[in-house]
Amino acid sequence: MNARTVLAVYREIIEGDLLKLVARSNKSEKDGGGARDLRFPWKTFRPTMHRIFTENGVERGKQFRWAEVTYLDRNNVLETTTLEYWPPTPSRPTEDRIAKVSASPALGGKPVLTDQGRVFMVLTKFDNGIVRCDYAYETALRAGKWATEFSSQILNCMTAASARKGHRTVQGYYDFTSGEGFCHAD
């Protein structure tokens, strides 16, 4: 029996994030690129992220959550690594974060295609407990290469974000069990 998808979280990867993934920094407040992590508003994302990051850890006296994730490496071979999800720092008190992204082979260890429209980091949880980390590209989302309900969630979030003034980074999630999704465009 194949595992069924129960939850998918997405976050747009913008120019500053691309630098984070390769351990470079442009320290641009507008584009990100300072700390090497991917941030999420904790009030809306933490309960969902804790469904993915289910293990507790402590480092230098600070608590965090972690998950073992599978991913395709540069040669399209399925591999496993861990990702860490940390609570806010004093300097960014409203944002949790996936930390050390440049050190993670699931995120920083493979090239991100930049000629496929907008790019999204996707964490997918299956009913057998496996978590998968991938990049979803706008062209693939529009071509129907992802589950319809999930691709519609991202594409609708992109549309809502573009209706607002200025460039908005798109992030959110879709719960396949309840059929509910959430779009955050900051």
# chains A, B, ... in the order shown; residues from 1 in each chain; ligands from 1
>>> select_by_dssp(residues="stretch 107-155 of chain A", states="strand (DSSP E)", output="ChimeraX atom specification")
/A:119-126,131-137
>>> write_last_selection(atoms="N, CA and C atoms", output="compact mmCIF listing (two decimals), in the first residue's frame")
# COMPACT_ATOMS: atom_id res chain seq x y z
N VAL A 119 9.99 29.62 -7.14
CA VAL A 119 10.47 28.37 -6.55
C VAL A 119 9.95 28.27 -5.12
N PHE A 120 9.54 27.06 -4.72
CA PHE A 120 9.02 26.83 -3.38
C PHE A 120 9.70 25.63 -2.75
N MET A 121 10.14 25.79 -1.50
CA MET A 121 10.59 24.66 -0.70
C MET A 121 9.32 24.00 -0.18
N VAL A 122 9.24 22.67 -0.31
CA VAL A 122 8.05 21.95 0.12
C VAL A 122 8.45 20.83 1.08
N LEU A 123 7.80 20.80 2.23
CA LEU A 123 7.92 19.69 3.17
C LEU A 123 6.60 18.93 3.13
N THR A 124 6.67 17.66 2.79
CA THR A 124 5.47 16.83 2.67
C THR A 124 5.53 15.72 3.70
N LYS A 125 4.47 15.58 4.47
CA LYS A 125 4.38 14.49 5.46
C LYS A 125 3.37 13.47 4.97
N PHE A 126 3.75 12.19 5.10
CA PHE A 126 2.91 11.09 4.67
C PHE A 126 2.33 10.35 5.87
N VAL A 131 8.76 12.17 6.06
CA VAL A 131 8.72 13.58 5.64
C VAL A 131 9.67 13.72 4.45
N ARG A 132 9.20 14.36 3.44
CA ARG A 132 9.99 14.55 2.22
C ARG A 132 10.22 16.04 2.00
N CYS A 133 11.42 16.40 1.55
CA CYS A 133 11.79 17.78 1.25
C CYS A 133 12.08 17.89 -0.24
N ASP A 134 11.39 18.81 -0.91
CA ASP A 134 11.55 19.01 -2.36
C ASP A 134 11.48 20.49 -2.69
N TYR A 135 11.81 20.79 -3.92
CA TYR A 135 11.53 22.11 -4.48
C TYR A 135 10.41 21.94 -5.49
N ALA A 136 9.44 22.83 -5.43
CA ALA A 136 8.36 22.87 -6.43
C ALA A 136 8.56 24.13 -7.25
N TYR A 137 8.46 23.98 -8.54
CA TYR A 137 8.66 25.10 -9.45
C TYR A 137 7.33 25.52 -10.05
>>> residues_around(residues="A:Leu21", least_positions_apart="5", cutoff="7 Å", atoms="only C-alpha atoms", output="short mmCIF file (atom, residue, chain, number, x, y, z; two decimals) with C-alpha atoms, in the first residue's frame")
data_model
loop_
_atom_site.label_atom_id
_atom_site.label_comp_id
_atom_site.auth_asym_id
_atom_site.auth_seq_id
_atom_site.Cartn_x
_atom_site.Cartn_y
_atom_site.Cartn_z
CA VAL A 101 19.81 25.45 5.58
CA SER A 102 23.16 25.73 3.81
CA LEU A 107 18.12 22.18 0.94
CA GLY A 108 21.59 23.59 0.28
#
>>> closest_atom_pairs(of="stretch 9-121 of chain A", to="stretch 169-183 of chain A", cutoff="10 Å", atoms="only C-alpha atoms", output="tab-separated table")
residue	atom	partner	partner_atom	distance
A:Val9	CA	A:Tyr173	CA	4.1
A:Tyr10	CA	A:Gln171	CA	5.4
A:Arg11	CA	A:Gln171	CA	4.1
A:Glu12	CA	A:Val170	CA	5.3
A:Ile13	CA	A:Thr169	CA	8.1
A:Ile14	CA	A:Thr169	CA	7.5
A:Asp31	CA	A:Thr169	CA	9.6
A:Arg39	CA	A:Gln171	CA	10.0
A:Phe40	CA	A:Gln171	CA	8.1
A:Pro41	CA	A:Gln171	CA	9.8
A:Thr44	CA	A:Phe182	CA	8.8
A:Phe45	CA	A:Gly172	CA	8.0
A:Thr48	CA	A:Tyr173	CA	8.0
A:Met49	CA	A:Tyr173	CA	9.5
A:Arg118	CA	A:Val170	CA	9.7
A:Val119	CA	A:Val170	CA	9.9
A:Phe120	CA	A:Gln171	CA	8.2
A:Met121	CA	A:Gln171	CA	9.2
>>> write_last_selection(atoms="N, CA and C atoms", output="PDB file, in the first residue's frame")
ATOM      1  N   VAL A   9       3.729  21.697   3.517  1.00  0.00           N
ATOM      2  CA  VAL A   9       4.052  23.078   3.869  1.00  0.00           C
ATOM      3  C   VAL A   9       4.932  23.628   2.761  1.00  0.00           C
ATOM      4  N   TYR A  10       4.671  24.858   2.346  1.00  0.00           N
ATOM      5  CA  TYR A  10       5.472  25.460   1.293  1.00  0.00           C
ATOM      6  C   TYR A  10       5.952  26.846   1.711  1.00  0.00           C
ATOM      7  N   ARG A  11       7.106  27.212   1.179  1.00  0.00           N
ATOM      8  CA  ARG A  11       7.671  28.540   1.398  1.00  0.00           C
ATOM      9  C   ARG A  11       8.422  28.946   0.154  1.00  0.00           C
ATOM     10  N   GLU A  12       8.085  30.114  -0.359  1.00  0.00           N
ATOM     11  CA  GLU A  12       8.772  30.610  -1.548  1.00  0.00           C
ATOM     12  C   GLU A  12      10.241  30.872  -1.232  1.00  0.00           C
ATOM     13  N   ILE A  13      11.090  30.497  -2.159  1.00  0.00           N
ATOM     14  CA  ILE A  13      12.526  30.739  -2.056  1.00  0.00           C
ATOM     15  C   ILE A  13      12.828  31.957  -2.918  1.00  0.00           C
ATOM     16  N   ILE A  14      13.196  33.063  -2.261  1.00  0.00           N
ATOM     17  CA  ILE A  14      13.478  34.299  -2.981  1.00  0.00           C
ATOM     18  C   ILE A  14      14.992  34.473  -3.153  1.00  0.00           C
ATOM     19  N   ASP A  31      15.476  41.279   0.838  1.00  0.00           N
ATOM     20  CA  ASP A  31      15.514  39.998   0.173  1.00  0.00           C
ATOM     21  C   ASP A  31      15.876  38.838   1.080  1.00  0.00           C
ATOM     22  N   ARG A  39      12.486  31.405   7.502  1.00  0.00           N
ATOM     23  CA  ARG A  39      11.639  31.848   8.605  1.00  0.00           C
ATOM     24  C   ARG A  39      10.144  31.722   8.290  1.00  0.00           C
ATOM     25  N   PHE A  40       9.394  31.471   9.388  1.00  0.00           N
ATOM     26  CA  PHE A  40       7.938  31.328   9.313  1.00  0.00           C
ATOM     27  C   PHE A  40       7.315  32.078  10.486  1.00  0.00           C
ATOM     28  N   PRO A  41       6.209  32.808  10.276  1.00  0.00           N
ATOM     29  CA  PRO A  41       5.515  33.451  11.402  1.00  0.00           C
ATOM     30  C   PRO A  41       5.044  32.372  12.390  1.00  0.00           C
ATOM     31  N   THR A  44       1.103  31.354  13.288  1.00  0.00           N
ATOM     32  CA  THR A  44       0.283  30.612  12.336  1.00  0.00           C
ATOM     33  C   THR A  44       0.921  29.304  11.885  1.00  0.00           C
ATOM     34  N   PHE A  45       2.230  29.187  11.968  1.00  0.00           N
ATOM     35  CA  PHE A  45       2.884  28.004  11.435  1.00  0.00           C
ATOM     36  C   PHE A  45       3.317  26.974  12.484  1.00  0.00           C
ATOM     37  N   THR A  48       1.406  23.590  12.864  1.00  0.00           N
ATOM     38  CA  THR A  48       1.558  22.785  11.654  1.00  0.00           C
ATOM     39  C   THR A  48       2.978  22.245  11.532  1.00  0.00           C
ATOM     40  N   MET A  49       3.960  23.093  11.774  1.00  0.00           N
ATOM     41  CA  MET A  49       5.355  22.658  11.673  1.00  0.00           C
ATOM     42  C   MET A  49       5.691  21.595  12.719  1.00  0.00           C
ATOM     43  N   ARG A 118       8.685  30.941 -10.242  1.00  0.00           N
ATOM     44  CA  ARG A 118       8.907  31.021  -8.801  1.00  0.00           C
ATOM     45  C   ARG A 118       9.209  29.630  -8.235  1.00  0.00           C
ATOM     46  N   VAL A 119       9.995  29.619  -7.144  1.00  0.00           N
ATOM     47  CA  VAL A 119      10.474  28.367  -6.546  1.00  0.00           C
ATOM     48  C   VAL A 119       9.952  28.269  -5.116  1.00  0.00           C
ATOM     49  N   PHE A 120       9.539  27.065  -4.716  1.00  0.00           N
ATOM     50  CA  PHE A 120       9.020  26.831  -3.376  1.00  0.00           C
ATOM     51  C   PHE A 120       9.702  25.627  -2.747  1.00  0.00           C
ATOM     52  N   MET A 121      10.142  25.785  -1.504  1.00  0.00           N
ATOM     53  CA  MET A 121      10.592  24.655  -0.701  1.00  0.00           C
ATOM     54  C   MET A 121       9.319  24.000  -0.181  1.00  0.00           C
TER      55      MET A 121
END
>>> residues_around(residues="stretch 138-146 of chain A", least_positions_apart="5", cutoff="10 Å", atoms="only C-alpha atoms", output="list in words")
Asp115, Gln116, Gly117, Arg118, Val119, Phe120, Ser151, Ser152, Ile154, Leu155 and Met158 of chain A
>>> write_last_selection(atoms="N, CA and C atoms", output="CSV table (one decimal), in the first residue's frame")
chain,number,residue,atom,x,y,z
A,115,ASP,N,15.1,29.0,-13.7
A,115,ASP,CA,14.5,29.3,-15.0
A,115,ASP,C,13.1,28.7,-15.1
A,116,GLN,N,12.5,28.3,-13.9
A,116,GLN,CA,11.2,27.6,-13.9
A,116,GLN,C,10.1,28.4,-13.2
A,117,GLY,N,10.3,29.7,-13.2
A,117,GLY,CA,9.3,30.6,-12.5
A,117,GLY,C,9.7,30.6,-11.0
A,118,ARG,N,8.7,30.9,-10.2
A,118,ARG,CA,8.9,31.0,-8.8
A,118,ARG,C,9.2,29.6,-8.2
A,119,VAL,N,10.0,29.6,-7.1
A,119,VAL,CA,10.5,28.4,-6.5
A,119,VAL,C,10.0,28.3,-5.1
A,120,PHE,N,9.5,27.1,-4.7
A,120,PHE,CA,9.0,26.8,-3.4
A,120,PHE,C,9.7,25.6,-2.7
A,151,SER,N,-1.3,22.2,-5.6
A,151,SER,CA,-0.8,23.2,-6.5
A,151,SER,C,-1.8,24.4,-6.6
A,152,SER,N,-3.1,24.1,-6.5
A,152,SER,CA,-4.1,25.2,-6.5
A,152,SER,C,-3.9,26.1,-5.3
A,154,ILE,N,-1.1,26.8,-3.7
A,154,ILE,CA,0.1,27.7,-3.9
A,154,ILE,C,-0.3,28.7,-5.0
A,155,LEU,N,-0.9,28.3,-6.1
A,155,LEU,CA,-1.2,29.2,-7.2
A,155,LEU,C,-2.2,30.3,-6.8
A,158,MET,N,-0.4,32.7,-4.6
A,158,MET,CA,0.4,33.6,-5.5
A,158,MET,C,-0.5,34.7,-6.0
>>> select_by_dssp(residues="stretch 4-171 of chain A", states="alpha helix (DSSP H)", output="PyMOL selection string")
chain A and resi 15-21+42-52+138-142+148-162
>>> residues_around(residues="A:Asp127", least_positions_apart="3", cutoff="9 Å", atoms="only C-alpha atoms", output="list in words")
Ala3, Arg4, Thr5, Val6, Leu7 and Ile130 of chain A
>>> closest_residue(among="A:Ile98, A:Ala147, A:Ala185, A:Ala106", to="A:Ala160", atoms="only C-alpha atoms")
A:Ala185
>>> atom_distance(atom1="atom CA of A:Asp73", atom2="atom CA of A:Trp42")
29.3 Å
